[in-house]
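Written below as structure tokens is the structure these notes are about.
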Amino acid sequence: MNNKYFDVHAPVFWPATVLIIAFIAITIIVGEPMENIFDQIQVFITDKTGWLFIISVNAFIVFCFYLGFSKFGNIKLGGKNAETEFSTSAWFAMLFSAGMGIGLLFWGVAEPVSHYSKPPYGEPFSVASAERAMNLTFLHWGFHAWAIYAIVALALAFFTYNRKLPLTIRSIFYPILGDRIHGWIGDVIDVMAVLATLFGLATSLGFGVQQVNGGLSYLFGIPVSTTIQVLLITGITIVATFSVFSGIDKGVKFLSEWNVRIAAIMLIFVLIVGPTLFIFRSLIQNLGNYINQIIQVSTWTEAYRDNGWQGSWTIFYWAWWVSWSPFVGMFIARVSRGRTIREFIFGVLLVPALLTFVWLTAMGGSAIFMDMQNEGHQLAKDIVADESTALFVFLHEFPLRTIGSAVGVLLVISFFVTSSDSGSLVIDSITAGGKLDAPVGQRIFWAISEGAVAAVLLIGGGLSALQTAAITTGLPFLVVLLIMMYSLYKGLQNEYARNEALKKDLDKKSYEKNLAQIVQKNIQKNKSK
Amino acid sequence: MKKIRHIALCLDLTEMDNLLLSYVKRLDDYFEFDSLTLLHLIEIEELPSEINSIVPELGKSIEEVIQNELSEKAETYFGKDNENIRFHIHQGGDVETFASYMDKEDFGLVILGKKSAYLGSGILSGKIVRLINCNTLFVPEITNPNFENVVITLDFSSYSDKVINIGLNLKNIINSSLHPVHVIKSGVQYFPYIKNFNKYAQELENEAKKQYKRFQKKHHLSEEITLLKDSDLHISKLIYNYAVRESANLIIAGNKGKKDEGDLLIGSIAEQLIAHDKNLPVLIVK
């Protein structure tokens, strides 16, 4: 298996492949009961371990800020002479596209409106619920989410570039397991990461095409059917295959940059035709509210008034981000060589979060604003009725609605392609034993299997069952992340101490003098011979 | 414990090389190592032009020149063309890769010279001891190759096992007499008003004795331990003074103590023991 097209790490590649097939087969054959089992596990996680998620994500954010401001901030990923591989703008574009671009398209309108019409407490459709809706949405998509990614990505990047370990999840355990990470324990960890990533990607690809289908039917009256969706998956997979075929510095970078450009066009479009003044004013107010209440909102656990709201929103999000973190983290690590830790933390934490806030305010905030102008709140009800068409219902309110929706569909598709190709790169890297640029044949294999898994699940059912299963990996990975914080801290301490020890200059002058003497002596000897 | 087979000696082309070689020769007489690698780091990234211009006249590379120089020096002690002597001349002036070379070779012992002549010398040795994972022996300029009295410092951490093992090795092979020492950190000098201070101090002492008994039993160690009480002096200074009083020839210490932070590459006591104001050989156990 060691040639130009395939160069796999067999103990990870084969178990992962077999398990993927087995899992899908079981889910489809067993059907309903399987979904119930996964559901129960998820309910258990959100119900019983919610508090652990809440405290952990706050710990992550504190840790990130600590690293950013501490003496470790100057440590460079890849050593002090490392060069950055991508320009800063391309870097941001890729962070954003891989991290949550697709989720923002899906939820950008739907989530704020949903909190506004079904608040966790208080009067629905009120000013208070509108403010709270924006605040909660900012919480779910803001610094906390990016802190989770930042930690995984930073740990991976550090152990890969500074410690020269393979770019796979197992490397993070090096300070604890030592060389045993190269043994079966490491293989198990990597197989788990492959499964979580592939199922996460394939299921969201499955749901994503439903959104695209919804959009197309809203726009052009194309029927919503499995056939159309499978065709869409095929199309997306073909584009993604081309993208991974051309590699990260061509296709993936190109698509990410264009994603962000199209998203920016869409944002500007909404800014111009939407309630412009309101968007600017509310952005400032939302930001203020968010920062002002960040401690209160992020440590709120429904302890005194348990409506069961948090389990299906906040905890669900935390588990979701955590279960995606191996994938997004590896991708971010892959593109972040040569950044200092300070640059990395503020780049990953602040810039994408701020862009997200602008997006959420322009989309969800505008939708709430428009809804508040009307009695009966029909708009909000329409949006909440089906999240997958929320964006299009919202865009329908504006002039040039066809163009707006068409751009929307295009954007959903292109974000999907980016998720799919970056996901293939990540899985490919893990199954190749951590090589940064694994052979092309393998990349194509994974891109196609993602599409195939999504298609099979669409036809055979079991999309939501497997997505639930993917999210339930959030709890074990949360524990992994906590350990990761510790081992990253240890690693950075050591790196810093080494850099300090190396700082002092050697006494080069007297060494040169010594050396010159010896050379002279040899010359004398030569002559006397 | 595992026998030490392969050792390395860092030479820097100064006067001190001869002293180090004679010291190692003496060790080798007792231990009969399988191999000795003579290491040299070219401390500059590129040669200055005045050297570069005359190197071609020699008809060989600068590494060969240095290797010849080292080999000539070694000849005096280990005979001509001793096949157990190896050489490694490290180019590029990069201490980090030099250190990782040593780790890769996994030497049982790395010997470094320590110049006490002036402050700021011995920077290279200081860097190496921090970066490598091999046991490191620091040899100061004024040293007799003698191993009669050996102080072994114990803090009853995991390093103490290794420290004792090496001490016992010396005892068995060279017949050194061992002087185990432990510093009791009561911090009483900060609390002169504490009630029952004597009782408290006594308790700490008993605890330390109990700990030592455990190690004695484990390693079949017969020597009595000396317990030093901490004072205003740094612990390393207490140990050093004790070693001087016992006319010790070598101090063996663990790389890190129980309370040393993760961001130290070597602990504070080890660091102070190899500082330029102290003139005893120190073996730092990693």
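Ordering of the structure tokens sets the chain letters (A, B, ...), residue numbers begin anew at 1 in every chain, and ligands are numbered from 1 in the order given.
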
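By chain and then residue number, the residues within 9 Å of Ile236 in chain A are Leu231, Thr241, Ile413, Ser414, Phe416, Val417, Ser420 and Gly451 of chain A, counting only C-alpha atoms and disregarding those fewer than 5 positions away in sequence.
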
Next on the checklist: List the spatial neighbours of Leu463 in chain A as a PyMOL selection string - criterion: any atom at most 8 Å away, only C-alpha atoms, same-chain residues fewer than 4 positions off excluded.
Outcome noted: chain A and resi 203+206-207+454+457-458+467

Checklist entry - What are the DSSP alpha helix (DSSP H) residues of range 301-498 of chain A, as a ChimeraX atom specification? => result /A:309-312,314-335,341-360,366-372,378-385,390-395,401-431,440-460,463-472,474-498

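Distances here use only C-alpha atoms; by that measure, the residue among A:Tyr489, A:Ser225, A:Ser528, A:Ala333 closest to chain B is A:Tyr489.
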
Pull the closest atom pair for each residue of chain A that gets at most 8 Å from chain B, along with the distance in Å to one decimal, counting only C-alpha atoms, ordering rows by chain and then ascending residue number, as JSON lines.
```
{"residue": "A:Lys490", "atom": "CA", "partner": "B:Gly262", "partner_atom": "CA", "distance": 6.7}
{"residue": "A:Gln493", "atom": "CA", "partner": "B:Asp263", "partner_atom": "CA", "distance": 4.6}
{"residue": "A:Asn494", "atom": "CA", "partner": "B:Asp263", "partner_atom": "CA", "distance": 5.5}
{"residue": "A:Tyr496", "atom": "CA", "partner": "B:Asp263", "partner_atom": "CA", "distance": 7.4}
{"residue": "A:Ala497", "atom": "CA", "partner": "B:Asp263", "partner_atom": "CA", "distance": 5.8}
{"residue": "A:Arg498", "atom": "CA", "partner": "B:Leu131", "partner_atom": "CA", "distance": 6.8}
{"residue": "A:Ala501", "atom": "CA", "partner": "B:Lys127", "partner_atom": "CA", "distance": 5.8}
{"residue": "A:Leu502", "atom": "CA", "partner": "B:Lys127", "partner_atom": "CA", "distance": 6.4}
{"residue": "A:Lys504", "atom": "CA", "partner": "B:Ile123", "partner_atom": "CA", "distance": 7.4}
{"residue": "A:Asp505", "atom": "CA", "partner": "B:Ile123", "partner_atom": "CA", "distance": 7.8}
{"residue": "A:Leu506", "atom": "CA", "partner": "B:Ile123", "partner_atom": "CA", "distance": 6.2}
{"residue": "A:Asp507", "atom": "CA", "partner": "B:Ser121", "partner_atom": "CA", "distance": 7.5}
{"residue": "A:Lys508", "atom": "CA", "partner": "B:Ile44", "partner_atom": "CA", "distance": 6.4}
{"residue": "A:Tyr511", "atom": "CA", "partner": "B:Glu43", "partner_atom": "CA", "distance": 7.0}
{"residue": "A:Glu512", "atom": "CA", "partner": "B:Pro48", "partner_atom": "CA", "distance": 7.5}
{"residue": "A:Asn514", "atom": "CA", "partner": "B:Leu13", "partner_atom": "CA", "distance": 7.1}
{"residue": "A:Leu515", "atom": "CA", "partner": "B:Leu13", "partner_atom": "CA", "distance": 7.8}
{"residue": "A:Ala516", "atom": "CA", "partner": "B:Ile51", "partner_atom": "CA", "distance": 6.1}
{"residue": "A:Ile518", "atom": "CA", "partner": "B:Glu69", "partner_atom": "CA", "distance": 7.9}
{"residue": "A:Val519", "atom": "CA", "partner": "B:Val65", "partner_atom": "CA", "distance": 7.3}
{"residue": "A:Asn522", "atom": "CA", "partner": "B:Leu58", "partner_atom": "CA", "distance": 7.3}
{"residue": "A:Ile523", "atom": "CA", "partner": "B:Leu58", "partner_atom": "CA", "distance": 6.2}
{"residue": "A:Asn526", "atom": "CA", "partner": "B:Leu58", "partner_atom": "CA", "distance": 7.3}
```

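Residues within 9 Å of Ile89 in chain B, counting only C-alpha atoms and excluding same-chain residues fewer than 4 positions away, are Leu38, Leu39, His40, Leu41, Ile42, Glu63, Glu64, Ile66 and Gln67 of chain B.
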
Please save N, CA and C atoms of the selected residues as a PDB file, in the first residue's frame.
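Output saved as selection_20.pdb:
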```
ATOM      1  N   LEU B  38      33.840  11.949  21.756  1.00  0.00           N
ATOM      2  CA  LEU B  38      34.308  13.312  22.008  1.00  0.00           C
ATOM      3  C   LEU B  38      33.475  14.256  21.153  1.00  0.00           C
ATOM      4  N   LEU B  39      32.813  15.190  21.822  1.00  0.00           N
ATOM      5  CA  LEU B  39      31.886  16.076  21.129  1.00  0.00           C
ATOM      6  C   LEU B  39      32.474  17.464  21.037  1.00  0.00           C
ATOM      7  N   HIS B  40      32.203  18.096  19.926  1.00  0.00           N
ATOM      8  CA  HIS B  40      32.574  19.493  19.832  1.00  0.00           C
ATOM      9  C   HIS B  40      31.523  20.231  19.014  1.00  0.00           C
ATOM     10  N   LEU B  41      31.080  21.360  19.536  1.00  0.00           N
ATOM     11  CA  LEU B  41      30.134  22.197  18.791  1.00  0.00           C
ATOM     12  C   LEU B  41      30.897  23.371  18.203  1.00  0.00           C
ATOM     13  N   ILE B  42      30.830  23.504  16.892  1.00  0.00           N
ATOM     14  CA  ILE B  42      31.387  24.711  16.282  1.00  0.00           C
ATOM     15  C   ILE B  42      30.425  25.837  16.617  1.00  0.00           C
ATOM     16  N   GLU B  63      36.251  20.690   9.953  1.00  0.00           N
ATOM     17  CA  GLU B  63      35.853  19.612  10.870  1.00  0.00           C
ATOM     18  C   GLU B  63      37.007  18.621  11.058  1.00  0.00           C
ATOM     19  N   GLU B  64      37.666  18.333   9.942  1.00  0.00           N
ATOM     20  CA  GLU B  64      38.792  17.395  10.036  1.00  0.00           C
ATOM     21  C   GLU B  64      39.908  17.978  10.900  1.00  0.00           C
ATOM     22  N   ILE B  66      39.566  20.060  13.343  1.00  0.00           N
ATOM     23  CA  ILE B  66      39.162  19.991  14.751  1.00  0.00           C
ATOM     24  C   ILE B  66      39.247  18.557  15.253  1.00  0.00           C
ATOM     25  N   GLN B  67      38.791  17.630  14.434  1.00  0.00           N
ATOM     26  CA  GLN B  67      38.835  16.231  14.856  1.00  0.00           C
ATOM     27  C   GLN B  67      40.279  15.784  15.117  1.00  0.00           C
TER      28      GLN B  67
END
```

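Atom pair CA of Phe44 in chain A / CA of Gln210 in chain A: separated by 28.2 Å.
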
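Across A:Thr356, A:Ala469, A:Met485, A:Asn286, the tightest approach to Tyr66 in chain A is made by A:Met485 when counting only C-alpha atoms.
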
Checklist entry - Given the choices A:Ala455, A:Ala263, A:Leu105, A:Ala157, which gets closest to Val212 in chain A if the distance is worked out from only C-alpha atoms? => result A:Leu105

Could you give me, as a tab-separated table (two decimals) with N, CA and C atoms, in the first residue's frame, the residues within 10 Å of Glu224 in chain B, counting only C-alpha atoms and dropping anything in the same chain fewer than 2 positions from it?
```
chain	number	residue	atom	x	y	z
B	178	LEU	N	29.83	6.94	50.76
B	178	LEU	CA	28.68	7.76	50.42
B	178	LEU	C	28.23	8.60	51.61
B	179	HIS	N	27.81	9.81	51.34
B	179	HIS	CA	27.30	10.69	52.40
B	179	HIS	C	25.91	11.18	52.00
B	180	PRO	N	24.89	10.43	52.40
B	180	PRO	CA	23.54	10.89	52.05
B	180	PRO	C	23.18	12.12	52.87
B	181	VAL	N	22.52	13.07	52.22
B	181	VAL	CA	22.14	14.27	52.93
B	181	VAL	C	20.74	14.70	52.50
B	209	LYS	N	13.44	10.99	58.72
B	209	LYS	CA	14.14	9.74	59.06
B	209	LYS	C	13.35	8.53	58.58
B	212	TYR	N	13.70	8.13	54.94
B	212	TYR	CA	15.01	7.60	54.57
B	212	TYR	C	15.08	6.10	54.83
B	213	LYS	N	14.46	5.66	55.93
B	213	LYS	CA	14.42	4.23	56.24
B	213	LYS	C	13.85	3.43	55.09
B	216	GLN	N	16.38	3.23	52.46
B	216	GLN	CA	17.46	2.35	52.93
B	216	GLN	C	17.12	0.90	52.68
B	221	LEU	N	20.86	0.21	51.78
B	221	LEU	CA	21.83	1.28	51.99
B	221	LEU	C	22.16	1.29	53.48
B	222	SER	N	23.45	1.23	53.81
B	222	SER	CA	23.79	1.15	55.24
B	222	SER	C	24.14	2.52	55.83
B	226	THR	N	22.54	12.46	56.90
B	226	THR	CA	22.74	13.72	57.61
B	226	THR	C	21.57	14.62	57.29
B	227	LEU	N	20.92	15.11	58.33
B	227	LEU	CA	19.79	16.00	58.11
B	227	LEU	C	20.25	17.43	58.36
```

Next on the checklist: Please compute the CA of Ile222 in chain A-CA of Leu201 in chain A distance, one decimal, in Å.
Outcome noted: 25.4 Å

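Closest to Phe31 in chain B among B:Ile152, B:Ala99, B:Leu280, B:Leu109 is B:Leu109, based on only C-alpha atoms.
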
Checklist entry - Hey, what's within 10 Å of Lys162 in chain B if we count only C-alpha atoms and toss same-chain stuff fewer than 4 positions away? As a list of chain:residue names, please? => result B:Met1, B:Ser157, B:Ser158, B:Ile166, B:Gly167, B:Leu168, B:Ile252, B:Ala253, B:Gly254, B:Val285, B:Lys286

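The coordinates place CA of Val109 in chain A at 5.2 Å from CA of Met363 in chain A.
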
Item to check | Residue neighbourhood Val110 in chain B, 9 Å, only C-alpha atoms, exclusion window fewer than 3 positions, as a ChimeraX atom specification | outcome: /B:7-10,102,107,129,134-138

Checklist entry - Which neighbours of Lys185 in chain B fall inside 10 Å, counting only C-alpha atoms, when residues of the same chain fewer than 3 positions from it are skipped, and could you give them as JSON, numbers by chain? => result {"B": [182, 188, 201, 204, 205, 228, 229, 230, 231, 235]}
